[in-house]
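**Q** Pasting input20.pdb here (PDB, C-alpha atoms, pLDDT in the B column):
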ATOM      1  CA  MET A 177    -163.247  36.909 196.262  1.00 37.00           C
ATOM      2  CA  SER A 178    -163.651  38.482 192.861  1.00 34.00           C
ATOM      3  CA  SER A 179    -166.883  38.255 190.927  1.00 34.00           C
ATOM      4  CA  SER A 180    -168.400  34.855 190.177  1.00 38.00           C
ATOM      5  CA  LYS A 181    -167.681  35.581 186.508  1.00 39.00           C
ATOM      6  CA  THR A 182    -164.294  33.855 186.855  1.00 37.00           C
ATOM      7  CA  THR A 183    -165.994  30.546 187.529  1.00 43.00           C
ATOM      8  CA  THR A 184    -167.960  30.805 184.296  1.00 47.00           C
ATOM      9  CA  THR A 185    -165.085  31.739 182.022  1.00 55.00           C
ATOM     10  CA  THR A 186    -162.397  29.272 183.092  1.00 66.00           C
ATOM     11  CA  GLY A 187    -162.228  25.578 183.873  1.00 90.00           C
ATOM     12  CA  GLN A 188    -164.657  22.970 182.655  1.00 96.00           C
ATOM     13  CA  VAL A 189    -168.385  23.213 182.217  1.00 97.00           C
ATOM     14  CA  ARG A 190    -171.011  20.531 181.743  1.00 98.00           C
ATOM     15  CA  ALA A 191    -173.985  20.865 179.460  1.00 98.00           C
ATOM     16  CA  SER A 192    -176.841  19.082 177.757  1.00 98.00           C
ATOM     17  CA  HIS A 193    -178.224  20.147 174.422  1.00 98.00           C
ATOM     18  CA  ILE A 194    -180.912  19.535 171.859  1.00 98.00           C
ATOM     19  CA  LEU A 195    -179.701  19.664 168.257  1.00 98.00           C
ATOM     20  CA  ILE A 196    -181.903  20.018 165.216  1.00 98.00           C
ATOM     21  CA  LYS A 197    -180.085  19.519 161.938  1.00 98.00           C
ATOM     22  CA  HIS A 198    -181.140  21.225 158.726  1.00 98.00           C
ATOM     23  CA  GLN A 199    -180.166  21.581 155.055  1.00 97.00           C
ATOM     24  CA  GLY A 200    -177.154  23.707 155.985  1.00 97.00           C
ATOM     25  CA  SER A 201    -175.786  21.243 158.544  1.00 98.00           C
ATOM     26  CA  ARG A 202    -172.303  19.908 157.951  1.00 97.00           C
ATOM     27  CA  ARG A 203    -173.439  16.277 158.293  1.00 96.00           C
ATOM     28  CA  LYS A 204    -176.942  15.653 156.975  1.00 96.00           C
ATOM     29  CA  ALA A 205    -177.701  12.430 158.834  1.00 97.00           C
ATOM     30  CA  SER A 206    -178.368  11.448 162.430  1.00 97.00           C
ATOM     31  CA  TRP A 207    -179.273   8.468 164.597  1.00 97.00           C
ATOM     32  CA  LYS A 208    -182.966   9.121 163.959  1.00 94.00           C
ATOM     33  CA  ASP A 209    -182.561  10.047 160.286  1.00 97.00           C
ATOM     34  CA  PRO A 210    -179.691   7.852 159.001  1.00 97.00           C
ATOM     35  CA  GLU A 211    -180.490   8.577 155.345  1.00 97.00           C
ATOM     36  CA  GLY A 212    -180.877  12.303 156.005  1.00 97.00           C
ATOM     37  CA  ARG A 213    -184.275  12.437 154.288  1.00 97.00           C
ATOM     38  CA  VAL A 214    -185.897  14.647 156.912  1.00 97.00           C
ATOM     39  CA  ILE A 215    -182.780  16.760 157.503  1.00 98.00           C
ATOM     40  CA  MET A 216    -182.348  17.529 153.767  1.00 97.00           C
ATOM     41  CA  ASN A 217    -185.924  18.845 153.696  1.00 97.00           C
ATOM     42  CA  THR A 218    -185.645  20.912 156.884  1.00 98.00           C
ATOM     43  CA  THR A 219    -184.820  24.576 156.376  1.00 98.00           C
ATOM     44  CA  ARG A 220    -182.855  26.447 159.017  1.00 98.00           C
ATOM     45  CA  ASP A 221    -185.949  28.584 159.713  1.00 98.00           C
ATOM     46  CA  SER A 222    -188.042  25.470 160.272  1.00 98.00           C
ATOM     47  CA  ALA A 223    -185.400  24.001 162.605  1.00 98.00           C
ATOM     48  CA  VAL A 224    -185.282  27.279 164.564  1.00 98.00           C
ATOM     49  CA  SER A 225    -189.065  27.443 164.938  1.00 98.00           C
ATOM     50  CA  GLN A 226    -189.189  23.807 166.133  1.00 97.00           C
ATOM     51  CA  LEU A 227    -186.487  24.567 168.667  1.00 97.00           C
ATOM     52  CA  LYS A 228    -188.184  27.780 169.878  1.00 98.00           C
ATOM     53  CA  SER A 229    -191.385  25.849 170.489  1.00 98.00           C
ATOM     54  CA  ILE A 230    -189.451  23.108 172.326  1.00 98.00           C
ATOM     55  CA  ARG A 231    -187.643  25.733 174.437  1.00 98.00           C
ATOM     56  CA  ASP A 232    -190.974  27.388 175.341  1.00 98.00           C
ATOM     57  CA  ASP A 233    -192.372  24.011 176.478  1.00 97.00           C
ATOM     58  CA  ILE A 234    -189.303  23.350 178.650  1.00 97.00           C
ATOM     59  CA  VAL A 235    -189.171  26.843 180.180  1.00 96.00           C
ATOM     60  CA  SER A 236    -192.914  26.776 180.948  1.00 97.00           C
ATOM     61  CA  GLY A 237    -192.584  23.382 182.630  1.00 97.00           C
ATOM     62  CA  LYS A 238    -194.726  21.528 180.048  1.00 98.00           C
ATOM     63  CA  ALA A 239    -191.780  19.323 179.104  1.00 97.00           C
ATOM     64  CA  LYS A 240    -188.494  18.143 180.620  1.00 98.00           C
ATOM     65  CA  PHE A 241    -185.254  18.958 178.820  1.00 98.00           C
ATOM     66  CA  ASP A 242    -183.858  15.420 178.988  1.00 97.00           C
ATOM     67  CA  ASP A 243    -187.122  13.804 177.817  1.00 98.00           C
ATOM     68  CA  ILE A 244    -187.287  16.069 174.768  1.00 98.00           C
ATOM     69  CA  ALA A 245    -183.578  15.588 174.026  1.00 98.00           C
ATOM     70  CA  THR A 246    -184.001  11.810 174.141  1.00 98.00           C
ATOM     71  CA  ARG A 247    -186.849  11.916 171.623  1.00 97.00           C
ATOM     72  CA  LEU A 248    -185.974  14.799 169.316  1.00 97.00           C
ATOM     73  CA  SER A 249    -182.282  15.693 169.355  1.00 98.00           C
ATOM     74  CA  ASP A 250    -180.289  14.817 166.234  1.00 98.00           C
ATOM     75  CA  CYS A 251    -177.160  14.308 168.350  1.00 98.00           C
ATOM     76  CA  SER A 252    -176.114  10.863 169.582  1.00 97.00           C
ATOM     77  CA  SER A 253    -176.114  12.421 173.082  1.00 98.00           C
ATOM     78  CA  ALA A 254    -179.911  12.000 172.855  1.00 98.00           C
ATOM     79  CA  LYS A 255    -179.567   8.572 174.459  1.00 97.00           C
ATOM     80  CA  ARG A 256    -178.141  10.346 177.541  1.00 98.00           C
ATOM     81  CA  GLY A 257    -180.881  12.990 177.621  1.00 98.00           C
ATOM     82  CA  GLY A 258    -178.636  15.349 175.662  1.00 98.00           C
ATOM     83  CA  ASP A 259    -175.799  15.207 178.216  1.00 98.00           C
ATOM     84  CA  LEU A 260    -172.412  16.003 176.667  1.00 98.00           C
ATOM     85  CA  GLY A 261    -170.483  15.531 179.899  1.00 96.00           C
ATOM     86  CA  PRO A 262    -167.808  17.968 181.066  1.00 97.00           C
ATOM     87  CA  PHE A 263    -165.739  19.919 178.550  1.00 96.00           C
ATOM     88  CA  GLY A 264    -163.276  22.769 178.519  1.00 96.00           C
ATOM     89  CA  ARG A 265    -162.438  25.623 176.201  1.00 95.00           C
ATOM     90  CA  GLY A 266    -161.456  24.627 172.672  1.00 95.00           C
ATOM     91  CA  GLN A 267    -163.342  21.305 172.691  1.00 95.00           C
ATOM     92  CA  MET A 268    -166.617  22.442 171.113  1.00 96.00           C
ATOM     93  CA  GLN A 269    -167.443  24.650 168.144  1.00 96.00           C
ATOM     94  CA  LYS A 270    -166.861  28.284 169.180  1.00 97.00           C
ATOM     95  CA  PRO A 271    -170.509  29.511 169.206  1.00 97.00           C
ATOM     96  CA  PHE A 272    -171.514  26.467 171.293  1.00 98.00           C
ATOM     97  CA  GLU A 273    -168.638  26.975 173.722  1.00 97.00           C
ATOM     98  CA  GLU A 274    -169.316  30.702 174.119  1.00 97.00           C
ATOM     99  CA  ALA A 275    -173.034  30.164 174.718  1.00 97.00           C
ATOM    100  CA  THR A 276    -172.382  27.454 177.319  1.00 97.00           C
ATOM    101  CA  TYR A 277    -169.812  29.470 179.261  1.00 97.00           C
ATOM    102  CA  ALA A 278    -172.180  32.468 179.280  1.00 97.00           C
ATOM    103  CA  LEU A 279    -174.957  30.489 180.989  1.00 98.00           C
ATOM    104  CA  LYS A 280    -175.360  29.968 184.706  1.00 97.00           C
ATOM    105  CA  VAL A 281    -175.941  26.389 185.879  1.00 97.00           C
ATOM    106  CA  GLY A 282    -179.582  25.496 185.191  1.00 97.00           C
ATOM    107  CA  GLU A 283    -180.069  28.172 182.525  1.00 97.00           C
ATOM    108  CA  ILE A 284    -181.162  27.370 178.974  1.00 98.00           C
ATOM    109  CA  SER A 285    -179.711  29.259 176.020  1.00 98.00           C
ATOM    110  CA  ASP A 286    -181.537  30.911 173.193  1.00 97.00           C
ATOM    111  CA  ILE A 287    -180.974  29.387 169.742  1.00 98.00           C
ATOM    112  CA  VAL A 288    -177.282  28.708 169.034  1.00 98.00           C
ATOM    113  CA  ASP A 289    -176.112  28.213 165.435  1.00 97.00           C
ATOM    114  CA  THR A 290    -173.146  25.953 164.609  1.00 97.00           C
ATOM    115  CA  ASP A 291    -171.979  23.975 161.589  1.00 97.00           C
ATOM    116  CA  SER A 292    -173.859  21.011 163.066  1.00 97.00           C
ATOM    117  CA  GLY A 293    -177.257  22.724 163.108  1.00 98.00           C
ATOM    118  CA  VAL A 294    -179.243  24.721 165.650  1.00 98.00           C
ATOM    119  CA  HIS A 295    -179.157  23.981 169.369  1.00 98.00           C
ATOM    120  CA  ILE A 296    -180.550  24.945 172.709  1.00 98.00           C
ATOM    121  CA  ILE A 297    -178.106  24.319 175.524  1.00 98.00           C
ATOM    122  CA  MET A 298    -178.717  23.783 179.223  1.00 98.00           C
ATOM    123  CA  ARG A 299    -175.695  24.275 181.438  1.00 98.00           C
ATOM    124  CA  THR A 300    -175.623  21.584 184.105  1.00 97.00           C
ATOM    125  CA  GLY A 301    -172.246  22.165 185.748  1.00 97.00           C
TER     126      GLY A 301
END
For the structure just supplied, provide its representation as structure tokens.
**A**
Amino acid sequence: MSSSKTTTTTGQVRASHILIKHQGSRRKASWKDPEGRVIMNTTRDSAVSQLKSIRDDIVSGKAKFDDIATRLSDCSSAKRGGDLGPFGRGQMQKPFEEATYALKVGEISDIVDTDSGVHIIMRTG
């Protein structure tokens, strides 16, 4: 067998994420902010600091990823605890895809920037 790296770079992965939208997001509305009032007043720096604090709480065990995603994520996947289901290469925005494939199952990414906003990603499969 070659290194386990092959399993992380090919085939499908499964991930959950928490998205925080900000002024620079492509679409400035979400299920919890349909008018975009909060999003339009959220700077990228503010979104990043919220997400860093959330990540710290999850990594330290103070909070569960899916609970936080359900309450705070700006993505409609929030109702599934942030679960995006399985996906392959070319289906997600490039930075999101690259970050997910680089993680081992169970790992949580650092902040990932896309046109949608800022994310933390947990690889689940």
**Q** Can you measure CA of Val224 (chain A) to CA of His193 (chain A) for me? One decimal in Å is fine.
**A**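 Spanning CA of Val224 (chain A) to CA of His193 (chain A) is a straight-line distance of 14.1 Å.
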**Q** Pick out the closest residue to Thr219 (chain A) from this set: A:Ser192, A:Thr300, A:Thr290, A:Gln199. Count all atoms listed in the file.
**A**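 Using all atoms listed in the file, the shortest distance to Thr219 (chain A) belongs to A:Gln199.
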**Q** Apply the PyMOL selection byres ((chain A and resi 283-289) around 12) to the structure shown and report the selected residues as a ChimeraX atom specification.
**A** /A:190-198,200-202,220-221,223-236,240-241,269-282,290-301
**Q** Can I get the selection written as a short mmCIF file (atom, residue, chain, number, x, y, z; two decimals), keeping the file's coordinate frame, with C-alpha atoms?
**A**
data_model
loop_
_atom_site.label_atom_id
_atom_site.label_comp_id
_atom_site.auth_asym_id
_atom_site.auth_seq_id
_atom_site.Cartn_x
_atom_site.Cartn_y
_atom_site.Cartn_z
CA ARG A 190 -171.01 20.53 181.74
CA ALA A 191 -173.98 20.86 179.46
CA SER A 192 -176.84 19.08 177.76
CA HIS A 193 -178.22 20.15 174.42
CA ILE A 194 -180.91 19.54 171.86
CA LEU A 195 -179.70 19.66 168.26
CA ILE A 196 -181.90 20.02 165.22
CA LYS A 197 -180.08 19.52 161.94
CA HIS A 198 -181.14 21.22 158.73
CA GLY A 200 -177.15 23.71 155.99
CA SER A 201 -175.79 21.24 158.54
CA ARG A 202 -172.30 19.91 157.95
CA ARG A 220 -182.86 26.45 159.02
CA ASP A 221 -185.95 28.58 159.71
CA ALA A 223 -185.40 24.00 162.60
CA VAL A 224 -185.28 27.28 164.56
CA SER A 225 -189.06 27.44 164.94
CA GLN A 226 -189.19 23.81 166.13
CA LEU A 227 -186.49 24.57 168.67
CA LYS A 228 -188.18 27.78 169.88
CA SER A 229 -191.38 25.85 170.49
CA ILE A 230 -189.45 23.11 172.33
CA ARG A 231 -187.64 25.73 174.44
CA ASP A 232 -190.97 27.39 175.34
CA ASP A 233 -192.37 24.01 176.48
CA ILE A 234 -189.30 23.35 178.65
CA VAL A 235 -189.17 26.84 180.18
CA SER A 236 -192.91 26.78 180.95
CA LYS A 240 -188.49 18.14 180.62
CA PHE A 241 -185.25 18.96 178.82
CA GLN A 269 -167.44 24.65 168.14
CA LYS A 270 -166.86 28.28 169.18
CA PRO A 271 -170.51 29.51 169.21
CA PHE A 272 -171.51 26.47 171.29
CA GLU A 273 -168.64 26.98 173.72
CA GLU A 274 -169.32 30.70 174.12
CA ALA A 275 -173.03 30.16 174.72
CA THR A 276 -172.38 27.45 177.32
CA TYR A 277 -169.81 29.47 179.26
CA ALA A 278 -172.18 32.47 179.28
CA LEU A 279 -174.96 30.49 180.99
CA LYS A 280 -175.36 29.97 184.71
CA VAL A 281 -175.94 26.39 185.88
CA GLY A 282 -179.58 25.50 185.19
CA THR A 290 -173.15 25.95 164.61
CA ASP A 291 -171.98 23.98 161.59
CA SER A 292 -173.86 21.01 163.07
CA GLY A 293 -177.26 22.72 163.11
CA VAL A 294 -179.24 24.72 165.65
CA HIS A 295 -179.16 23.98 169.37
CA ILE A 296 -180.55 24.94 172.71
CA ILE A 297 -178.11 24.32 175.52
CA MET A 298 -178.72 23.78 179.22
CA ARG A 299 -175.70 24.28 181.44
CA THR A 300 -175.62 21.58 184.10
CA GLY A 301 -172.25 22.16 185.75
#
**Q** What is the distance between CA of Gly257 (chain A) and CA of Ala245 (chain A), in Å to one decimal?
**A**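 CA of Ala245 (chain A) lies at a distance of 5.2 Å from CA of Gly257 (chain A).
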**Q** Quick one: distance from CA of Lys204 (chain A) to CA of Val189 (chain A) in Å, one decimal?
**A**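 According to the coordinates, CA of Lys204 (chain A) and CA of Val189 (chain A) are separated by 27.7 Å.
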**Q** Can you pull out the residues contacting Lys255 (chain A)? Cut-off 10 Å, using all atoms listed in the file, and skip same-chain residues under 5 positions away; I want them as a list in words.
**A**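 The neighbour list is Trp207, Asp242, Asp243, Ala245, Thr246, Arg247 and Ser249 of chain A.
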**Q** Using C-alpha atoms, can you export the residues from the last selection as a PDB file, keeping the file's coordinate frame?
**A**
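Below you can see out-v7.pdb, which holds the result:
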ATOM      1  CA  TRP A 207    -179.273   8.468 164.597  1.00 97.00           C
ATOM      2  CA  ASP A 242    -183.858  15.420 178.988  1.00 97.00           C
ATOM      3  CA  ASP A 243    -187.122  13.804 177.817  1.00 98.00           C
ATOM      4  CA  ALA A 245    -183.578  15.588 174.026  1.00 98.00           C
ATOM      5  CA  THR A 246    -184.001  11.810 174.141  1.00 98.00           C
ATOM      6  CA  ARG A 247    -186.849  11.916 171.623  1.00 97.00           C
ATOM      7  CA  SER A 249    -182.282  15.693 169.355  1.00 98.00           C
TER       8      SER A 249
END
**Q** Could you check the closest approach to Ala205 (chain A) for each of A:Gly237, A:Ile244, A:Leu260, A:Asn217 and tell me which residue wins, using all atoms listed in the file?
**A**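 Among A:Gly237, A:Ile244, A:Leu260, A:Asn217, it is A:Asn217 that comes nearest to Ala205 (chain A).
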